[in-house]
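K.L.:
You'll find data10.cif just under this line, and it carries mmCIF, C-alpha atoms.
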data_start
#
loop_
_atom_site.group_PDB
_atom_site.id
_atom_site.type_symbol
_atom_site.label_atom_id
_atom_site.label_comp_id
_atom_site.auth_asym_id
_atom_site.auth_seq_id
_atom_site.Cartn_x
_atom_site.Cartn_y
_atom_site.Cartn_z
ATOM 1 C CA MET J 225 2.699 -4.155 4.316
ATOM 2 C CA LEU J 226 4.980 -6.401 6.349
ATOM 3 C CA GLY J 227 2.138 -8.935 6.331
ATOM 4 C CA ALA J 228 2.360 -9.197 2.541
ATOM 5 C CA ILE J 229 6.147 -9.550 2.581
ATOM 6 C CA ALA J 230 6.108 -12.189 5.303
ATOM 7 C CA GLY J 231 3.469 -14.157 3.383
ATOM 8 C CA ASP J 232 5.619 -14.036 0.262
ATOM 9 C CA ILE J 233 8.702 -15.308 2.100
ATOM 10 C CA ILE J 234 6.798 -18.018 3.990
ATOM 11 C CA GLY J 235 5.158 -19.267 0.798
ATOM 12 C CA SER J 236 8.270 -19.114 -1.389
ATOM 13 C CA PRO J 237 9.596 -22.678 -0.800
ATOM 14 C CA TYR J 238 6.219 -24.155 -1.699
ATOM 15 C CA GLU J 239 5.502 -22.365 -4.981
ATOM 16 C CA PHE J 240 4.605 -24.375 -8.117
ATOM 17 C CA ASN J 241 2.838 -27.727 -8.233
ATOM 18 C CA ARG J 242 6.042 -29.722 -7.713
ATOM 19 C CA ASN J 243 6.726 -27.931 -4.422
ATOM 20 C CA ASN J 244 3.185 -27.568 -3.109
ATOM 21 C CA ILE J 245 2.454 -28.823 0.389
ATOM 22 C CA LYS J 246 -1.247 -29.508 0.876
ATOM 23 C CA THR J 247 -1.231 -29.185 4.641
ATOM 24 C CA THR J 248 -0.909 -26.448 7.240
ATOM 25 C CA ASP J 249 1.789 -28.447 9.037
ATOM 26 C CA PHE J 250 5.058 -27.140 7.592
ATOM 27 C CA PRO J 251 8.037 -25.035 8.766
ATOM 28 C CA LEU J 252 7.171 -21.356 8.487
ATOM 29 C CA PHE J 253 10.784 -20.500 7.683
ATOM 30 C CA SER J 254 13.654 -22.553 6.319
ATOM 31 C CA LYS J 255 16.876 -22.090 4.361
ATOM 32 C CA ARG J 256 14.747 -21.958 1.207
ATOM 33 C CA SER J 257 12.576 -19.102 2.488
ATOM 34 C CA ARG J 258 13.357 -15.975 0.490
ATOM 35 C CA PHE J 259 11.749 -12.848 -0.865
ATOM 36 C CA THR J 260 10.465 -12.988 -4.428
ATOM 37 C CA ASP J 261 9.115 -10.531 -6.988
ATOM 38 C CA ASP J 262 6.056 -10.105 -4.758
ATOM 39 C CA THR J 263 8.175 -8.391 -2.106
ATOM 40 C CA VAL J 264 10.219 -6.356 -4.583
ATOM 41 C CA MET J 265 7.162 -4.967 -6.353
ATOM 42 C CA THR J 266 5.272 -4.349 -3.109
ATOM 43 C CA LEU J 267 8.197 -2.202 -1.984
ATOM 44 C CA ALA J 268 8.202 -0.495 -5.379
ATOM 45 C CA VAL J 269 4.558 0.553 -4.998
ATOM 46 C CA ALA J 270 5.239 1.782 -1.457
ATOM 47 C CA GLN J 271 8.217 3.791 -2.671
ATOM 48 C CA ALA J 272 6.123 5.322 -5.461
ATOM 49 C CA ILE J 273 3.420 6.359 -3.009
ATOM 50 C CA MET J 274 5.932 8.089 -0.745
ATOM 51 C CA ARG J 275 7.441 9.932 -3.696
ATOM 52 C CA VAL J 276 4.135 11.470 -4.814
ATOM 53 C CA MET J 277 2.758 11.897 -1.280
ATOM 54 C CA PRO J 278 5.604 13.273 0.865
ATOM 55 C CA GLU J 279 3.221 13.287 3.818
ATOM 56 C CA ARG J 280 0.334 10.908 4.395
ATOM 57 C CA GLY J 281 -2.982 12.480 3.549
ATOM 58 C CA GLY J 282 -4.408 14.093 0.475
ATOM 59 C CA VAL J 283 -4.761 12.605 -2.965
ATOM 60 C CA PRO J 284 -1.924 12.602 -5.510
ATOM 61 C CA ASP J 285 -2.275 13.414 -9.191
ATOM 62 C CA LYS J 286 -3.254 10.187 -10.946
ATOM 63 C CA ASN J 287 -0.812 10.565 -13.821
ATOM 64 C CA ALA J 288 2.024 11.419 -11.456
ATOM 65 C CA PHE J 289 1.193 8.339 -9.393
ATOM 66 C CA ALA J 290 1.192 6.083 -12.451
ATOM 67 C CA ASP J 291 4.556 7.495 -13.568
ATOM 68 C CA ALA J 292 5.991 7.034 -10.082
ATOM 69 C CA VAL J 293 4.858 3.387 -9.959
ATOM 70 C CA ILE J 294 6.448 2.702 -13.352
ATOM 71 C CA ASP J 295 9.696 4.431 -12.362
ATOM 72 C CA SER J 296 9.892 2.617 -9.050
ATOM 73 C CA MET J 297 9.117 -0.791 -10.536
ATOM 74 C CA HIS J 298 11.842 -0.303 -13.140
ATOM 75 C CA GLU J 299 14.283 0.871 -10.479
ATOM 76 C CA LEU J 300 13.763 -2.012 -8.083
ATOM 77 C CA GLY J 301 13.167 -4.544 -10.832
ATOM 78 C CA HIS J 302 16.615 -3.856 -12.247
ATOM 79 C CA ALA J 303 18.129 -3.800 -8.756
ATOM 80 C CA TYR J 304 16.720 -7.297 -8.087
ATOM 81 C CA PRO J 305 16.718 -8.955 -11.527
ATOM 82 C CA LYS J 306 16.509 -12.541 -10.244
ATOM 83 C CA ALA J 307 13.494 -12.202 -7.956
ATOM 84 C CA GLY J 308 11.343 -14.521 -10.072
ATOM 85 C CA TYR J 309 9.326 -12.265 -12.371
ATOM 86 C CA GLY J 310 7.000 -13.608 -15.032
ATOM 87 C CA SER J 311 8.304 -13.700 -18.588
ATOM 88 C CA LYS J 312 6.178 -10.801 -19.841
ATOM 89 C CA PHE J 313 7.202 -8.634 -16.908
ATOM 90 C CA VAL J 314 10.860 -9.475 -17.555
ATOM 91 C CA MET J 315 10.426 -8.229 -21.124
ATOM 92 C CA TRP J 316 8.662 -5.110 -19.841
ATOM 93 C CA LEU J 317 11.600 -4.451 -17.506
ATOM 94 C CA SER J 318 14.268 -5.177 -20.089
ATOM 95 C CA LYS J 319 12.732 -2.719 -22.561
ATOM 96 C CA ARG J 320 12.142 -0.177 -19.790
ATOM 97 C CA SER J 321 8.665 0.025 -21.244
ATOM 98 C CA ARG J 322 6.121 2.519 -20.003
ATOM 99 C CA GLU J 323 3.196 0.786 -21.690
ATOM 100 C CA PRO J 324 0.997 -1.958 -20.195
ATOM 101 C CA TYR J 325 0.864 -5.398 -21.752
ATOM 102 C CA GLY J 326 -2.650 -6.593 -20.963
ATOM 103 C CA SER J 327 -1.742 -9.004 -18.194
ATOM 104 C CA ILE J 328 -4.409 -10.876 -16.258
ATOM 105 C CA GLY J 329 -1.787 -12.115 -13.803
ATOM 106 C CA ASN J 330 -1.906 -11.872 -10.026
ATOM 107 C CA GLY J 331 1.138 -9.599 -9.994
ATOM 108 C CA SER J 332 -1.247 -6.654 -9.798
ATOM 109 C CA ALA J 333 -2.820 -8.023 -6.606
ATOM 110 C CA MET J 334 0.344 -9.157 -4.838
ATOM 111 C CA ARG J 335 1.940 -5.669 -4.992
ATOM 112 C CA VAL J 336 -1.116 -3.572 -4.130
ATOM 113 C CA SER J 337 -1.131 -3.666 -0.322
ATOM 114 C CA PRO J 338 0.579 -0.264 0.218
ATOM 115 C CA VAL J 339 -2.287 1.418 -1.641
ATOM 116 C CA ALA J 340 -4.778 0.006 0.854
ATOM 117 C CA TRP J 341 -2.873 1.604 3.729
ATOM 118 C CA ALA J 342 -2.143 4.956 2.073
ATOM 119 C CA PHE J 343 -5.670 6.344 1.799
ATOM 120 C CA ASP J 344 -8.397 7.009 4.331
ATOM 121 C CA ASP J 345 -11.374 6.187 2.131
ATOM 122 C CA LEU J 346 -12.341 3.143 0.130
ATOM 123 C CA GLU J 347 -13.069 5.068 -3.055
ATOM 124 C CA ASN J 348 -9.483 6.293 -3.382
ATOM 125 C CA VAL J 349 -8.130 2.890 -2.401
ATOM 126 C CA GLU J 350 -9.997 1.312 -5.298
ATOM 127 C CA VAL J 351 -9.090 4.083 -7.743
ATOM 128 C CA PHE J 352 -5.367 4.032 -7.008
ATOM 129 C CA ALA J 353 -5.273 0.244 -6.739
ATOM 130 C CA GLY J 354 -6.610 0.225 -10.273
ATOM 131 C CA ILE J 355 -3.952 2.675 -11.433
ATOM 132 C CA SER J 356 -1.190 0.652 -9.770
ATOM 133 C CA ALA J 357 -2.407 -2.340 -11.762
ATOM 134 C CA MET J 358 -3.019 -0.632 -15.092
ATOM 135 C CA VAL J 359 0.588 0.399 -15.668
ATOM 136 C CA THR J 360 1.247 -3.249 -16.575
ATOM 137 C CA HIS J 361 -1.856 -5.365 -15.872
ATOM 138 C CA ASN J 362 -4.500 -3.478 -17.834
ATOM 139 C CA HIS J 363 -6.664 -6.536 -18.487
ATOM 140 C CA PRO J 364 -10.015 -5.957 -16.719
ATOM 141 C CA ASP J 365 -9.448 -8.989 -14.492
ATOM 142 C CA GLY J 366 -5.935 -7.807 -13.649
ATOM 143 C CA ILE J 367 -7.355 -4.487 -12.493
ATOM 144 C CA LYS J 368 -10.237 -6.169 -10.666
ATOM 145 C CA GLY J 369 -7.883 -8.452 -8.754
ATOM 146 C CA ALA J 370 -5.815 -5.550 -7.472
ATOM 147 C CA GLN J 371 -8.894 -3.568 -6.468
ATOM 148 C CA ALA J 372 -10.501 -6.518 -4.695
ATOM 149 C CA ALA J 373 -7.346 -7.307 -2.732
ATOM 150 C CA ALA J 374 -6.850 -3.662 -1.757
ATOM 151 C CA ALA J 375 -10.491 -3.286 -0.751
ATOM 152 C CA ALA J 376 -10.281 -6.379 1.454
ATOM 153 C CA ILE J 377 -7.170 -5.029 3.199
ATOM 154 C CA PHE J 378 -8.784 -1.620 3.716
ATOM 155 C CA LEU J 379 -12.014 -3.086 5.063
ATOM 156 C CA ALA J 380 -10.108 -5.441 7.367
ATOM 157 C CA ASN J 381 -8.109 -2.569 8.817
ATOM 158 C CA ALA J 382 -11.247 -0.432 9.154
ATOM 159 C CA GLY J 383 -12.797 -2.879 11.608
ATOM 160 C CA ASN J 384 -15.239 -4.704 9.364
ATOM 161 C CA THR J 385 -16.193 -8.267 10.233
ATOM 162 C CA LYS J 386 -15.172 -11.141 8.011
ATOM 163 C CA GLN J 387 -18.787 -11.570 6.936
ATOM 164 C CA GLN J 388 -18.952 -7.912 5.926
ATOM 165 C CA ILE J 389 -15.743 -8.275 3.927
ATOM 166 C CA ARG J 390 -17.040 -11.463 2.291
ATOM 167 C CA ASP J 391 -20.318 -9.780 1.360
ATOM 168 C CA PHE J 392 -18.606 -6.699 -0.067
ATOM 169 C CA ILE J 393 -16.121 -8.604 -2.218
ATOM 170 C CA THR J 394 -18.814 -10.992 -3.436
ATOM 171 C CA GLU J 395 -21.246 -8.247 -4.365
ATOM 172 C CA ARG J 396 -18.825 -5.698 -5.789
ATOM 173 C CA TYR J 397 -16.314 -7.951 -7.512
ATOM 174 C CA ALA J 398 -18.444 -11.043 -8.174
ATOM 175 C CA TYR J 399 -15.813 -13.392 -6.736
ATOM 176 C CA ASP J 400 -17.098 -16.765 -5.627
ATOM 177 C CA LEU J 401 -16.173 -17.016 -1.958
ATOM 178 C CA SER J 402 -18.626 -19.808 -1.195
ATOM 179 C CA ARG J 403 -16.134 -22.682 -1.529
ATOM 180 C CA THR J 404 -14.232 -23.792 1.545
ATOM 181 C CA LEU J 405 -10.504 -24.455 1.537
ATOM 182 C CA ASP J 406 -11.244 -28.156 2.034
ATOM 183 C CA GLU J 407 -13.216 -28.042 -1.197
ATOM 184 C CA ILE J 408 -10.577 -26.040 -3.072
ATOM 185 C CA ARG J 409 -7.403 -27.786 -1.896
ATOM 186 C CA PRO J 410 -7.663 -31.316 -3.405
ATOM 187 C CA SER J 411 -7.823 -30.296 -7.059
ATOM 188 C CA TYR J 412 -6.246 -26.847 -6.958
ATOM 189 C CA LYS J 413 -3.256 -26.369 -9.277
ATOM 190 C CA PHE J 414 -0.875 -23.544 -10.086
ATOM 191 C CA ASP J 415 -2.803 -20.584 -11.482
ATOM 192 C CA ALA J 416 -1.059 -17.206 -11.648
ATOM 193 C CA THR J 417 -4.105 -15.296 -12.904
ATOM 194 C CA CYS J 418 -6.111 -12.969 -10.713
ATOM 195 C CA PRO J 419 -9.394 -14.886 -11.187
ATOM 196 C CA GLY J 420 -7.614 -18.122 -10.343
ATOM 197 C CA SER J 421 -5.831 -17.027 -7.169
ATOM 198 C CA VAL J 422 -7.218 -13.847 -5.588
ATOM 199 C CA PRO J 423 -10.525 -15.454 -4.463
ATOM 200 C CA GLU J 424 -8.530 -18.345 -2.981
ATOM 201 C CA ALA J 425 -6.293 -15.920 -1.069
ATOM 202 C CA ILE J 426 -9.303 -14.061 0.311
ATOM 203 C CA THR J 427 -10.887 -17.370 1.320
ATOM 204 C CA ALA J 428 -7.729 -18.294 3.230
ATOM 205 C CA PHE J 429 -8.051 -15.048 5.169
ATOM 206 C CA LEU J 430 -11.743 -15.637 5.841
ATOM 207 C CA GLU J 431 -11.029 -19.093 7.299
ATOM 208 C CA GLY J 432 -7.890 -18.115 9.220
ATOM 209 C CA ASN J 433 -7.910 -17.583 12.981
ATOM 210 C CA SER J 434 -4.754 -15.460 13.240
ATOM 211 C CA TYR J 435 -2.037 -14.050 11.011
ATOM 212 C CA GLU J 436 -0.018 -17.256 11.181
ATOM 213 C CA ASP J 437 -3.033 -19.498 10.690
ATOM 214 C CA THR J 438 -4.109 -17.451 7.681
ATOM 215 C CA VAL J 439 -0.732 -17.796 5.975
ATOM 216 C CA ARG J 440 -0.529 -21.502 6.763
ATOM 217 C CA LYS J 441 -3.962 -21.997 5.230
ATOM 218 C CA ALA J 442 -2.990 -19.938 2.179
ATOM 219 C CA VAL J 443 0.123 -22.045 1.562
ATOM 220 C CA SER J 444 -1.833 -25.268 2.094
ATOM 221 C CA ILE J 445 -4.020 -24.556 -0.946
ATOM 222 C CA GLY J 446 -1.063 -25.132 -3.239
ATOM 223 C CA GLY J 447 -0.547 -23.448 -6.581
ATOM 224 C CA ASP J 448 1.162 -20.055 -6.592
ATOM 225 C CA SER J 449 1.840 -20.349 -2.877
ATOM 226 C CA ASP J 450 4.002 -17.284 -2.310
ATOM 227 C CA THR J 451 1.552 -14.936 -4.008
ATOM 228 C CA ILE J 452 -1.548 -16.449 -2.402
ATOM 229 C CA ALA J 453 0.130 -16.159 1.000
ATOM 230 C CA CYS J 454 1.269 -12.628 0.182
ATOM 231 C CA ILE J 455 -2.274 -11.468 -0.569
ATOM 232 C CA ALA J 456 -3.859 -13.375 2.317
ATOM 233 C CA GLY J 457 -1.130 -12.168 4.688
ATOM 234 C CA ALA J 458 -1.705 -8.565 3.684
ATOM 235 C CA ILE J 459 -5.411 -8.821 4.519
ATOM 236 C CA ALA J 460 -4.647 -10.626 7.778
ATOM 237 C CA GLU J 461 -2.279 -7.860 8.866
ATOM 238 C CA GLY J 462 -5.082 -5.377 8.358
ATOM 239 C CA PHE J 463 -7.477 -7.507 10.395
ATOM 240 C CA TYR J 464 -5.242 -8.756 13.228
ATOM 241 C CA GLY J 465 -2.744 -5.901 13.502
ATOM 242 C CA LYS J 466 1.002 -6.217 13.969
ATOM 243 C CA LEU J 467 2.579 -9.526 13.095
ATOM 244 C CA PRO J 468 3.849 -11.820 15.846
ATOM 245 C CA LYS J 469 7.356 -10.740 16.821
ATOM 246 C CA GLU J 470 8.991 -14.012 15.782
ATOM 247 C CA ILE J 471 7.490 -13.864 12.300
ATOM 248 C CA ALA J 472 8.438 -10.204 11.889
ATOM 249 C CA LEU J 473 12.037 -10.864 12.916
ATOM 250 C CA GLU J 474 12.397 -13.873 10.617
ATOM 251 C CA THR J 475 10.979 -11.823 7.756
ATOM 252 C CA LEU J 476 13.221 -8.820 8.299
ATOM 253 C CA ALA J 477 16.273 -11.066 8.522
ATOM 254 C CA ARG J 478 15.657 -12.084 4.902
ATOM 255 C CA LEU J 479 15.606 -8.540 3.514
ATOM 256 C CA ASP J 480 18.752 -6.671 2.572
ATOM 257 C CA GLU J 481 19.660 -3.220 3.825
ATOM 258 C CA ASP J 482 18.102 -1.330 0.918
ATOM 259 C CA MET J 483 14.808 -3.202 1.152
ATOM 260 C CA CYS J 484 14.661 -2.771 4.880
ATOM 261 C CA GLY J 485 15.348 0.904 4.354
ATOM 262 C CA ILE J 486 12.277 1.310 2.150
ATOM 263 C CA LEU J 487 10.190 -0.680 4.617
ATOM 264 C CA SER J 488 11.424 1.434 7.511
ATOM 265 C CA GLN J 489 10.653 4.641 5.619
ATOM 266 C CA TRP J 490 7.184 3.294 4.907
ATOM 267 C CA TYR J 491 6.278 2.680 8.536
ATOM 268 C CA GLU J 492 7.747 6.016 9.548
ATOM 269 C CA TRP J 493 5.638 7.632 6.814
ATOM 270 C CA MET J 494 2.578 5.707 7.973
ATOM 271 C CA GLU J 495 2.851 5.920 11.731
ATOM 272 C CA GLY J 496 6.213 7.278 12.856
ATOM 273 C CA GLU J 497 7.542 3.804 13.692
ATOM 274 C CA SER J 498 10.270 1.699 12.112
ATOM 275 C CA ARG J 499 9.458 -2.004 11.685
ATOM 276 C CA CYS J 500 13.013 -2.827 10.698
ATOM 277 C CA SER J 501 13.973 -2.692 14.360
ATOM 278 C CA VAL J 502 11.399 -4.864 16.076
ATOM 279 C CA GLN J 503 11.514 -4.568 19.860
#
For this file, write the structure as structure tokens.

P.N.:
Amino acid sequence: MLGAIAGDIIGSPYEFNRNNIKTTDFPLFSKRSRFTDDTVMTLAVAQAIMRVMPERGGVPDKNAFADAVIDSMHELGHAYPKAGYGSKFVMWLSKRSREPYGSIGNGSAMRVSPVAWAFDDLENVEVFAGISAMVTHNHPDGIKGAQAAAAAIFLANAGNTKQQIRDFITERYAYDLSRTLDEIRPSYKFDATCPGSVPEAITAFLEGNSYEDTVRKAVSIGGDSDTIACIAGAIAEGFYGKLPKEIALETLARLDEDMCGILSQWYEWMEGESRCSVQ
């Protein structure tokens, strides 16, 4: 999950067409590097999982999981009201709504990474990724984006090759992963939908040679840079393992005590290790 958060923070200064940097040669961290709604909602999903699954293992009740995700997103959304949410999500938060609003946006995919780590089989990963999306993003493509991102993370962590991951995502989710980043980059513009950003994020992972290289490539595409880097970074963490120490430390330094507390609880829940005290 730290891979998603680091990607969000690294990509944050370069979000939107006016800020895009179409190269991999840029400072990973600067004074403008900050967490956004991607980080807040990723932590919300992680918190929800821990609330319905006190210990890792087993399968929670689907309705209880959906309720927990809604509760946690409202809780953290109101705690961090200026994180950069989309207008429809802001309205959803302000009304404390418990109903979805048909979004096709990539918000469902950027927050899904904890689901990929919480279950030991792909079937449950896809099912609960879909539920985590449907509480707000119940458009079929919003659900599909979350499931595809979660499946890629799970498969990466399970030891699959990049070609196996490419084949699975292409066949199961019908995403076009045939274009190279060099083909995508020149004309790519801001697109906050799942169909317009999740395949690009997965492609960045497929072409990356390390966690850092993956995130640099994701940012270099342009567009919704923080979210593309968040999704690509989450998959890269699954594939390459722990983040480089320097990146982890820079990321943690940009989280407040409460956020770091949730993150620490998550890694203790996952593997009995706190990542908020990198050694």

K.L.:
State, in Å with one decimal place, the distance from CA of Ala375 in chain J to CA of Ile455 in chain J.

P.N.:
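Rounded to one decimal, the two atoms are 11.6 Å apart.
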
K.L.:
Write out as a ChimeraX atom specification each polymer residue whose atoms come within 12 Å of range 308-321 of chain J, counting all atoms listed in the file; drop sequence neighbours fewer than 2 positions from it.

P.N.:
/J:232,236,239,258-265,291,294-306,323-332,359-361,416-417,450-451

K.L.:
Residues of the last selection are to be written out with C-alpha atoms, as a PDB file, keeping the file's coordinate frame.

P.N.:
ATOM      1  CA  ASP J 232       5.619 -14.036   0.262  1.00  0.00           C
ATOM      2  CA  SER J 236       8.270 -19.114  -1.389  1.00  0.00           C
ATOM      3  CA  GLU J 239       5.502 -22.365  -4.981  1.00  0.00           C
ATOM      4  CA  ARG J 258      13.357 -15.975   0.490  1.00  0.00           C
ATOM      5  CA  PHE J 259      11.749 -12.848  -0.865  1.00  0.00           C
ATOM      6  CA  THR J 260      10.465 -12.988  -4.428  1.00  0.00           C
ATOM      7  CA  ASP J 261       9.115 -10.531  -6.988  1.00  0.00           C
ATOM      8  CA  ASP J 262       6.056 -10.105  -4.758  1.00  0.00           C
ATOM      9  CA  THR J 263       8.175  -8.391  -2.106  1.00  0.00           C
ATOM     10  CA  VAL J 264      10.219  -6.356  -4.583  1.00  0.00           C
ATOM     11  CA  MET J 265       7.162  -4.967  -6.353  1.00  0.00           C
ATOM     12  CA  ASP J 291       4.556   7.495 -13.568  1.00  0.00           C
ATOM     13  CA  ILE J 294       6.448   2.702 -13.352  1.00  0.00           C
ATOM     14  CA  ASP J 295       9.696   4.431 -12.362  1.00  0.00           C
ATOM     15  CA  SER J 296       9.892   2.617  -9.050  1.00  0.00           C
ATOM     16  CA  MET J 297       9.117  -0.791 -10.536  1.00  0.00           C
ATOM     17  CA  HIS J 298      11.842  -0.303 -13.140  1.00  0.00           C
ATOM     18  CA  GLU J 299      14.283   0.871 -10.479  1.00  0.00           C
ATOM     19  CA  LEU J 300      13.763  -2.012  -8.083  1.00  0.00           C
ATOM     20  CA  GLY J 301      13.167  -4.544 -10.832  1.00  0.00           C
ATOM     21  CA  HIS J 302      16.615  -3.856 -12.247  1.00  0.00           C
ATOM     22  CA  ALA J 303      18.129  -3.800  -8.756  1.00  0.00           C
ATOM     23  CA  TYR J 304      16.720  -7.297  -8.087  1.00  0.00           C
ATOM     24  CA  PRO J 305      16.718  -8.955 -11.527  1.00  0.00           C
ATOM     25  CA  LYS J 306      16.509 -12.541 -10.244  1.00  0.00           C
ATOM     26  CA  GLU J 323       3.196   0.786 -21.690  1.00  0.00           C
ATOM     27  CA  PRO J 324       0.997  -1.958 -20.195  1.00  0.00           C
ATOM     28  CA  TYR J 325       0.864  -5.398 -21.752  1.00  0.00           C
ATOM     29  CA  GLY J 326      -2.650  -6.593 -20.963  1.00  0.00           C
ATOM     30  CA  SER J 327      -1.742  -9.004 -18.194  1.00  0.00           C
ATOM     31  CA  ILE J 328      -4.409 -10.876 -16.258  1.00  0.00           C
ATOM     32  CA  GLY J 329      -1.787 -12.115 -13.803  1.00  0.00           C
ATOM     33  CA  ASN J 330      -1.906 -11.872 -10.026  1.00  0.00           C
ATOM     34  CA  GLY J 331       1.138  -9.599  -9.994  1.00  0.00           C
ATOM     35  CA  SER J 332      -1.247  -6.654  -9.798  1.00  0.00           C
ATOM     36  CA  VAL J 359       0.588   0.399 -15.668  1.00  0.00           C
ATOM     37  CA  THR J 360       1.247  -3.249 -16.575  1.00  0.00           C
ATOM     38  CA  HIS J 361      -1.856  -5.365 -15.872  1.00  0.00           C
ATOM     39  CA  ALA J 416      -1.059 -17.206 -11.648  1.00  0.00           C
ATOM     40  CA  THR J 417      -4.105 -15.296 -12.904  1.00  0.00           C
ATOM     41  CA  ASP J 450       4.002 -17.284  -2.310  1.00  0.00           C
ATOM     42  CA  THR J 451       1.552 -14.936  -4.008  1.00  0.00           C
TER      43      THR J 451
END

K.L.:
Out of J:Asp437, J:Pro423, J:Pro410, J:Ser402, which residue has the shortest atom-to-atom distance to Gln387 in chain J when counting all atoms listed in the file?

P.N.:
J:Ser402

K.L.:
Any chance you could resolve the PyMOL selection byres ((chain J and resi 337) around 8) against this file and give the residues as a PyMOL selection string?

P.N.:
chain J and resi 225+228+266+333-336+338-341+373-374+377+455+458

K.L.:
With all atoms listed in the file as the atoms that count, which of J:Arg478, J:His363, J:Lys441, J:Arg403 lies nearest to Lys255 in chain J?

P.N.:
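Nearest candidate to Lys255 in chain J out of J:Arg478, J:His363, J:Lys441, J:Arg403: J:Arg478.
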
K.L.:
With only C-alpha atoms as the counted atoms, please give the residues lying no more than 12 Å from Ala472 in chain J, apart from itself and same-chain residues fewer than 3 positions off, as a ChimeraX atom specification.

P.N.:
/J:225-231,233-234,252-253,435-436,461,466-469,475-479,484,499-503

K.L.:
Create the file for the chosen residues now, containing C-alpha atoms and written as an mmCIF file, keeping the file's coordinate frame.

P.N.:
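Generated file (part.cif):
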data_model
loop_
_atom_site.group_PDB
_atom_site.id
_atom_site.type_symbol
_atom_site.label_atom_id
_atom_site.label_comp_id
_atom_site.auth_asym_id
_atom_site.auth_seq_id
_atom_site.Cartn_x
_atom_site.Cartn_y
_atom_site.Cartn_z
ATOM 1 C CA MET J 225 2.699 -4.155 4.316
ATOM 2 C CA LEU J 226 4.980 -6.401 6.349
ATOM 3 C CA GLY J 227 2.138 -8.935 6.331
ATOM 4 C CA ALA J 228 2.360 -9.197 2.541
ATOM 5 C CA ILE J 229 6.147 -9.550 2.581
ATOM 6 C CA ALA J 230 6.108 -12.189 5.303
ATOM 7 C CA GLY J 231 3.469 -14.157 3.383
ATOM 8 C CA ILE J 233 8.702 -15.308 2.100
ATOM 9 C CA ILE J 234 6.798 -18.018 3.990
ATOM 10 C CA LEU J 252 7.171 -21.356 8.487
ATOM 11 C CA PHE J 253 10.784 -20.500 7.683
ATOM 12 C CA TYR J 435 -2.037 -14.050 11.011
ATOM 13 C CA GLU J 436 -0.018 -17.256 11.181
ATOM 14 C CA GLU J 461 -2.279 -7.860 8.866
ATOM 15 C CA LYS J 466 1.002 -6.217 13.969
ATOM 16 C CA LEU J 467 2.579 -9.526 13.095
ATOM 17 C CA PRO J 468 3.849 -11.820 15.846
ATOM 18 C CA LYS J 469 7.356 -10.740 16.821
ATOM 19 C CA THR J 475 10.979 -11.823 7.756
ATOM 20 C CA LEU J 476 13.221 -8.820 8.299
ATOM 21 C CA ALA J 477 16.273 -11.066 8.522
ATOM 22 C CA ARG J 478 15.657 -12.084 4.902
ATOM 23 C CA LEU J 479 15.606 -8.540 3.514
ATOM 24 C CA CYS J 484 14.661 -2.771 4.880
ATOM 25 C CA ARG J 499 9.458 -2.004 11.685
ATOM 26 C CA CYS J 500 13.013 -2.827 10.698
ATOM 27 C CA SER J 501 13.973 -2.692 14.360
ATOM 28 C CA VAL J 502 11.399 -4.864 16.076
ATOM 29 C CA GLN J 503 11.514 -4.568 19.860
#

K.L.:
So what do you get for CA of Asp344 in chain J versus CA of Val283 in chain J, distance-wise?

P.N.:
9.9 Å

K.L.:
Record the distance separating CA of Asn381 in chain J and CA of Asp345 in chain J, expressed in Å with one decimal.

P.N.:
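So the answer is 11.5 Å.
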
K.L.:
Using only C-alpha atoms, determine which residues lie at most 10 Å from Pro251 in chain J, disregarding the query and same-chain residues fewer than 2 positions distant; provide the list as a JSON list (two decimals) with C-alpha atoms, in the frame of the given file.

P.N.:
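The resulting result_30.json:
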[["chain", "number", "residue", "atom", "x", "y", "z"],
["J", 234, "ILE", "CA", 6.80, -18.02, 3.99],
["J", 237, "PRO", "CA", 9.60, -22.68, -0.80],
["J", 248, "THR", "CA", -0.91, -26.45, 7.24],
["J", 249, "ASP", "CA", 1.79, -28.45, 9.04],
["J", 253, "PHE", "CA", 10.78, -20.50, 7.68],
["J", 254, "SER", "CA", 13.65, -22.55, 6.32],
["J", 257, "SER", "CA", 12.58, -19.10, 2.49],
["J", 440, "ARG", "CA", -0.53, -21.50, 6.76]]

K.L.:
Would you pick out the contacts of Val276 in chain J at 7 Å or less, using all atoms listed in the file, so that residues sharing its chain but fewer than 4 positions from it are not included, and give the list as number ranges by chain?

P.N.:
J: 272, 284, 288-289

K.L.:
Name every residue that the PyMOL selection byres ((chain J and resi 446) around 9) selects in this structure, writing the answer as a ChimeraX atom specification with chains first and numbers rising.

P.N.:
/J:238-241,243-247,409,412-414,442-445,447-449,452

K.L.:
Determine, counting all atoms listed in the file, which protein, DNA and RNA residues have an atom within 12 Å of an atom of Met277 in chain J; residues of the same chain fewer than 2 positions away are not included. Present the result as number ranges by chain.

P.N.:
J: 270-275, 279-286, 288-289, 292, 339, 342-343, 490, 493-494

K.L.:
Can you spell out as a ChimeraX atom specification the set of residues that the PyMOL selection byres ((chain J and resi 426) around 8) selects in the structure I just provided?

P.N.:
/J:373,376,401,422-425,427-430,455-456,459

K.L.:
I'd like the box whose edges run along x, y and z of the file and which contains every listed atom of range 381-393 of chain J, padded by 4 Å per side; could you state its centre and edge lengths in Å, one decimal, as AutoDock Vina command-line options?

P.N.:
--center_x -14.2 --center_y -6.0 --center_z 4.7 --size_x 20.2 --size_y 19.1 --size_z 21.8
